[in-house]
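Shown next, in structure tokens, is the structure this report addresses.
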Amino acid sequence: MAVVKADAYGHGAADVASASLGAGATWLGVALVEEGIALRDAGIQAPILVLSEAPPGSEKDALGAGLTATVFSDRGLEAIADAAGVLGRTAGVHVKVDTGMHRVGLHPPEDAPAFVERVVRAGCELEGLWTHFARAEEDEPTTRRQLELFTRILEDVRRHGMEPRMVHAANSAASILYPETHFDLVRIGIALYGLDPGGALGERAGLRPALSWRSEVSSVRSLPAGELVSYGHRYGVAGGVVATVPVGYADGYRRGLSGRAEVLIGGRRRRVAGTVTMDQILVDCGDGVVDVGDEVVLIGRQDDDAITADELAARCDTINYEITCGIGPRVPREYEG
Ligand SMILES: Cc1ncc(COP(=O)(O)O)c(C=O)c1O
């Protein structure tokens, strides 16, 4: 399963979905009913799992678009069964079991056999049984505990004479580290984008980032050493060229990167000069020769150097997921390959 929620972690859901399906993915995963409907509107016909219960009132839209529902509450099950009845079809559902993430899912998990019985009694098909790991990238005992509990629940469900067609548990980190979590399907998000799920697993798995984020110098000026720039005048330049680049926090270039991040211009690292503004940043280029139109790499490679989403994340105390998910809709996406 290619997890393409949050506009495919900022990469563009419809294009990533098509590329993933072309490369062998058989399922897509989304967080929102709206995300699934947008994929259908883009002509995608593959199975799409909504990774949490559809919000009350959205069940008919979800089933009408051919999305597959996750269920874990009696309210959610009843609403899906009702919507399926109205549409005159049988809903195949995936029952999510909370084995330790404690975000969503059936809890206590030992209720699974009884819940699954209610699924079947409600006229739905038990298409899947699944869970989600809380810290697969960093903690083996917790992951093994979750896996053991999930396996026990699965056996219990089977003992009650019910067989989910599809069992799944693994995210990127678990897929890389624990083959025994693969079951029938793995739900791959961050690794699909060539990014590290944490714990330096990206390197171990030979992942290469799919995304680069580029802009161009839009204006240059020459300023003396110590001249203060941008909002709040919080940064004194080295002296020399200061370049303006038309990207800002409204595009997802986070304000927390102010004065901290570097960009690549002319194959050299240059520091973001002072406060990131809504639409533009300033870059301290010192004695470099920089012209309007020069390429600026915010994430990606230029000559022999590269800036990664992980580097930006480290500079503003977040994770690579949040950096790419945050790249805003007004940044045009272009696809190669
Ligand atoms: C339920 C579920 N499965 C799979 C994933 C994919 O996780 P990752 O991006 O770490 O592979 C996510 C993402 O958060 C998720 O919420």
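In the structure tokens, the first chain shown is A, the next is B, and so on; residue numbers restart at 1 for each chain, and ligands run from 1 in the order shown.
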Taking only C-alpha atoms and all ligand atoms and a cut-off of 8 Å, can you tell me which residues surround ligand 1, written as a PDB file with N, CA and C atoms, in the first residue's frame?
ATOM      1  N   VAL A   3       1.062   4.870   0.898  1.00  0.00           N
ATOM      2  CA  VAL A   3       0.332   5.811   1.751  1.00  0.00           C
ATOM      3  C   VAL A   3       0.513   7.209   1.157  1.00  0.00           C
ATOM      4  N   LYS A   5      -1.576   9.932   1.831  1.00  0.00           N
ATOM      5  CA  LYS A   5      -2.307  10.991   2.552  1.00  0.00           C
ATOM      6  C   LYS A   5      -1.473  12.261   2.575  1.00  0.00           C
ATOM      7  N   GLY A  29      -3.407   4.377   0.530  1.00  0.00           N
ATOM      8  CA  GLY A  29      -3.919   4.715   1.858  1.00  0.00           C
ATOM      9  C   GLY A  29      -4.047   6.217   2.000  1.00  0.00           C
ATOM     10  N   ALA A  31      -5.846   9.542   4.640  1.00  0.00           N
ATOM     11  CA  ALA A  31      -6.366   9.856   5.969  1.00  0.00           C
ATOM     12  C   ALA A  31      -7.822  10.312   5.894  1.00  0.00           C
ATOM     13  N   LEU A  51      -7.687   5.438   6.410  1.00  0.00           N
ATOM     14  CA  LEU A  51      -6.923   4.859   7.517  1.00  0.00           C
ATOM     15  C   LEU A  51      -7.514   5.135   8.903  1.00  0.00           C
ATOM     16  N   SER A  52      -8.639   5.818   8.945  1.00  0.00           N
ATOM     17  CA  SER A  52      -9.360   5.942  10.201  1.00  0.00           C
ATOM     18  C   SER A  52     -10.848   5.839   9.876  1.00  0.00           C
ATOM     19  N   THR A 131      -3.330  -3.194  12.414  1.00  0.00           N
ATOM     20  CA  THR A 131      -2.908  -2.375  13.532  1.00  0.00           C
ATOM     21  C   THR A 131      -1.788  -1.442  13.076  1.00  0.00           C
ATOM     22  N   HIS A 132      -1.305  -0.629  14.009  1.00  0.00           N
ATOM     23  CA  HIS A 132      -0.281   0.364  13.640  1.00  0.00           C
ATOM     24  C   HIS A 132       0.736   0.451  14.766  1.00  0.00           C
ATOM     25  N   ALA A 169       0.041  -4.547   9.159  1.00  0.00           N
ATOM     26  CA  ALA A 169       0.537  -3.890  10.368  1.00  0.00           C
ATOM     27  C   ALA A 169       1.684  -2.919  10.084  1.00  0.00           C
ATOM     28  N   ALA A 170       2.534  -3.231   9.132  1.00  0.00           N
ATOM     29  CA  ALA A 170       3.825  -2.529   9.036  1.00  0.00           C
ATOM     30  C   ALA A 170       3.750  -1.188   8.339  1.00  0.00           C
ATOM     31  N   ASN A 171       4.381  -0.191   8.944  1.00  0.00           N
ATOM     32  CA  ASN A 171       4.691   1.069   8.269  1.00  0.00           C
ATOM     33  C   ASN A 171       6.093   0.926   7.666  1.00  0.00           C
ATOM     34  N   SER A 172       6.692   2.027   7.224  1.00  0.00           N
ATOM     35  CA  SER A 172       8.004   1.928   6.567  1.00  0.00           C
ATOM     36  C   SER A 172       9.033   1.283   7.482  1.00  0.00           C
ATOM     37  N   ALA A 173       9.131   1.795   8.718  1.00  0.00           N
ATOM     38  CA  ALA A 173      10.188   1.320   9.617  1.00  0.00           C
ATOM     39  C   ALA A 173      10.040  -0.165   9.896  1.00  0.00           C
ATOM     40  N   ARG A 187       2.166  -1.002   4.648  1.00  0.00           N
ATOM     41  CA  ARG A 187       1.680   0.362   4.385  1.00  0.00           C
ATOM     42  C   ARG A 187       2.878   1.309   4.392  1.00  0.00           C
ATOM     43  N   ILE A 188       3.350   1.632   3.205  1.00  0.00           N
ATOM     44  CA  ILE A 188       4.598   2.381   3.091  1.00  0.00           C
ATOM     45  C   ILE A 188       4.303   3.857   2.830  1.00  0.00           C
ATOM     46  N   GLY A 189       4.749   4.703   3.736  1.00  0.00           N
ATOM     47  CA  GLY A 189       4.638   6.147   3.541  1.00  0.00           C
ATOM     48  C   GLY A 189       6.006   6.735   3.281  1.00  0.00           C
ATOM     49  N   ILE A 190       6.683   7.135   4.334  1.00  0.00           N
ATOM     50  CA  ILE A 190       7.897   7.940   4.208  1.00  0.00           C
ATOM     51  C   ILE A 190       8.959   7.290   3.306  1.00  0.00           C
ATOM     52  N   ALA A 191       9.083   5.968   3.367  1.00  0.00           N
ATOM     53  CA  ALA A 191      10.115   5.300   2.559  1.00  0.00           C
ATOM     54  C   ALA A 191       9.795   5.379   1.071  1.00  0.00           C
ATOM     55  N   LEU A 192       8.510   5.480   0.765  1.00  0.00           N
ATOM     56  CA  LEU A 192       8.096   5.624  -0.634  1.00  0.00           C
ATOM     57  C   LEU A 192       8.715   6.884  -1.246  1.00  0.00           C
ATOM     58  N   PRO A 197      12.748   6.889   7.752  1.00  0.00           N
ATOM     59  CA  PRO A 197      11.682   6.788   8.753  1.00  0.00           C
ATOM     60  C   PRO A 197      12.181   7.084  10.163  1.00  0.00           C
ATOM     61  N   TYR A 321       9.087  14.257   7.875  1.00  0.00           N
ATOM     62  CA  TYR A 321       7.676  14.150   7.467  1.00  0.00           C
ATOM     63  C   TYR A 321       7.039  15.546   7.424  1.00  0.00           C
TER      64      TYR A 321
END
What's around Gly88 in chain A at 12 Å? Count only C-alpha atoms, leave out sequence neighbours fewer than 4 positions away in its own chain, and write the answer as a ChimeraX atom specification. /A:60,63-64,80-84,123-124
Using backbone DSSP assignments, extract all helix (DSSP H, G or I) residues from range 136-176 of chain A; output them as a list in words. Glu140, Pro141, Thr142, Thr143, Arg144, Arg145, Gln146, Leu147, Glu148, Leu149, Phe150, Thr151, Arg152, Ile153, Leu154, Glu155, Asp156, Val157, Arg158, Arg159, Ser172, Ala173, Ala174, Ser175 and Ile176 of chain A
If you count only C-alpha atoms, which residues fall within 8 Å of range 108-114 of chain A, apart from same-chain ones fewer than 2 positions away, as a list in words?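 So, after excluding close chain neighbours, the residues are Val97, Asp98, Thr99, Leu106, Val116, Glu117, Arg118, Ile153, Asp156, Val157 and His160 of chain A.
What separates CA of Gly10 in chain A from CA of Asp310 in chain A is a distance of 14.7 Å.
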Step one, run DSSP on the backbone; step two, keep only residues of range 120-216 of chain A assigned to strand (DSSP E); then write them as a list of chain:residue names.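 The residues of range 120-216 of chain A classed as strand (DSSP E) are A:Glu125, A:Leu126, A:Glu127, A:Gly128, A:Leu129, A:Trp130, A:Met166, A:Val167, A:His168, A:Trp213, A:Arg214, A:Ser215, A:Glu216.
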Same residues, N, CA and C atoms, saved as an mmCIF file, in the first residue's frame:
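Saved file result09.cif follows:
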data_model
loop_
_atom_site.group_PDB
_atom_site.id
_atom_site.type_symbol
_atom_site.label_atom_id
_atom_site.label_comp_id
_atom_site.auth_asym_id
_atom_site.auth_seq_id
_atom_site.Cartn_x
_atom_site.Cartn_y
_atom_site.Cartn_z
ATOM 1 N N GLU A 125 -18.445 -7.189 5.006
ATOM 2 C CA GLU A 125 -17.460 -8.243 4.812
ATOM 3 C C GLU A 125 -16.184 -7.875 5.557
ATOM 4 N N LEU A 126 -15.634 -8.846 6.286
ATOM 5 C CA LEU A 126 -14.366 -8.597 6.999
ATOM 6 C C LEU A 126 -13.233 -8.717 5.985
ATOM 7 N N GLU A 127 -12.910 -7.568 5.373
ATOM 8 C CA GLU A 127 -11.882 -7.612 4.330
ATOM 9 C C GLU A 127 -10.482 -7.523 4.935
ATOM 10 N N GLY A 128 -10.359 -6.802 6.056
ATOM 11 C CA GLY A 128 -9.017 -6.652 6.625
ATOM 12 C C GLY A 128 -9.040 -6.561 8.129
ATOM 13 N N LEU A 129 -7.887 -6.925 8.717
ATOM 14 C CA LEU A 129 -7.662 -6.714 10.149
ATOM 15 C C LEU A 129 -6.277 -6.095 10.252
ATOM 16 N N TRP A 130 -6.197 -4.975 11.003
ATOM 17 C CA TRP A 130 -4.890 -4.308 10.990
ATOM 18 C C TRP A 130 -4.599 -3.550 12.264
ATOM 19 N N MET A 166 -7.278 -9.943 4.497
ATOM 20 C CA MET A 166 -6.029 -9.205 4.423
ATOM 21 C C MET A 166 -5.629 -8.737 5.816
ATOM 22 N N VAL A 167 -4.407 -9.042 6.182
ATOM 23 C CA VAL A 167 -3.898 -8.661 7.499
ATOM 24 C C VAL A 167 -2.724 -7.722 7.275
ATOM 25 N N HIS A 168 -2.709 -6.592 7.999
ATOM 26 C CA HIS A 168 -1.570 -5.675 7.796
ATOM 27 C C HIS A 168 -1.225 -4.912 9.055
ATOM 28 N N TRP A 213 13.480 20.680 -3.933
ATOM 29 C CA TRP A 213 12.683 21.915 -3.870
ATOM 30 C C TRP A 213 13.614 23.037 -4.310
ATOM 31 N N ARG A 214 13.258 23.631 -5.449
ATOM 32 C CA ARG A 214 14.147 24.628 -6.053
ATOM 33 C C ARG A 214 13.418 25.940 -6.277
ATOM 34 N N SER A 215 14.189 27.011 -6.242
ATOM 35 C CA SER A 215 13.653 28.318 -6.591
ATOM 36 C C SER A 215 14.732 29.078 -7.373
ATOM 37 N N GLU A 216 14.526 30.353 -7.519
ATOM 38 C CA GLU A 216 15.499 31.186 -8.241
ATOM 39 C C GLU A 216 15.675 32.489 -7.500
#
Pairwise distance for CA of Gly236 in chain A and CA of Leu223 in chain A, rounded to one decimal in Å: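 Separation of CA of Gly236 in chain A and CA of Leu223 in chain A: 9.9 Å.
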Among listed residues A:Val289, A:Leu228, A:Leu207, A:Val276, nearest Val241 in chain A (using only C-alpha atoms):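 Between A:Val289, A:Leu228, A:Leu207, A:Val276, the residue approaching Val241 in chain A most closely is A:Val289.
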Suppose you want the space between CA of Glu203 in chain A and CA of Ala25 in chain A; what is it in Å?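 These two atoms are separated by 22.3 Å.
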Top pick for closest residue to Phe183 in chain A, considering A:Pro164, A:Gly328, A:Gly300, A:Gly198 and counting only C-alpha atoms: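 Among the listed residues, the smallest separation from Phe183 in chain A belongs to A:Pro164.
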Which residues are close to Asp41 in chain A, i.e. within 12 Å by only C-alpha atoms, leaving aside same-chain residues fewer than 5 positions away? Reply as a count of residues only. 7
Exercise: range 250-253 of chain A partners within 7 Å, only C-alpha atoms, chain neighbours under 4 positions left out, as number ranges by chain: A: 278-279, 326-328, 330-331
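For Gly266 in chain A, the list of residues within 10 Å, based on only C-alpha atoms and with local chain neighbours fewer than 4 positions off taken out, reads Arg270, Gly288, Val289, Val290, Asp291, Asp294, Glu295, Val296, Val297, Gln302 and Asp303 of chain A.
Shortest atom-to-atom contact with Gly12 in chain A among A:Ile265, A:Leu149, A:Cys325, A:Leu67: A:Cys325, counting only C-alpha atoms.
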Across A:Val237, A:Ile44, A:Ile323, A:Ala122, the smallest distance to Arg75 in chain A, with only C-alpha atoms counted, is shown by A:Ala122
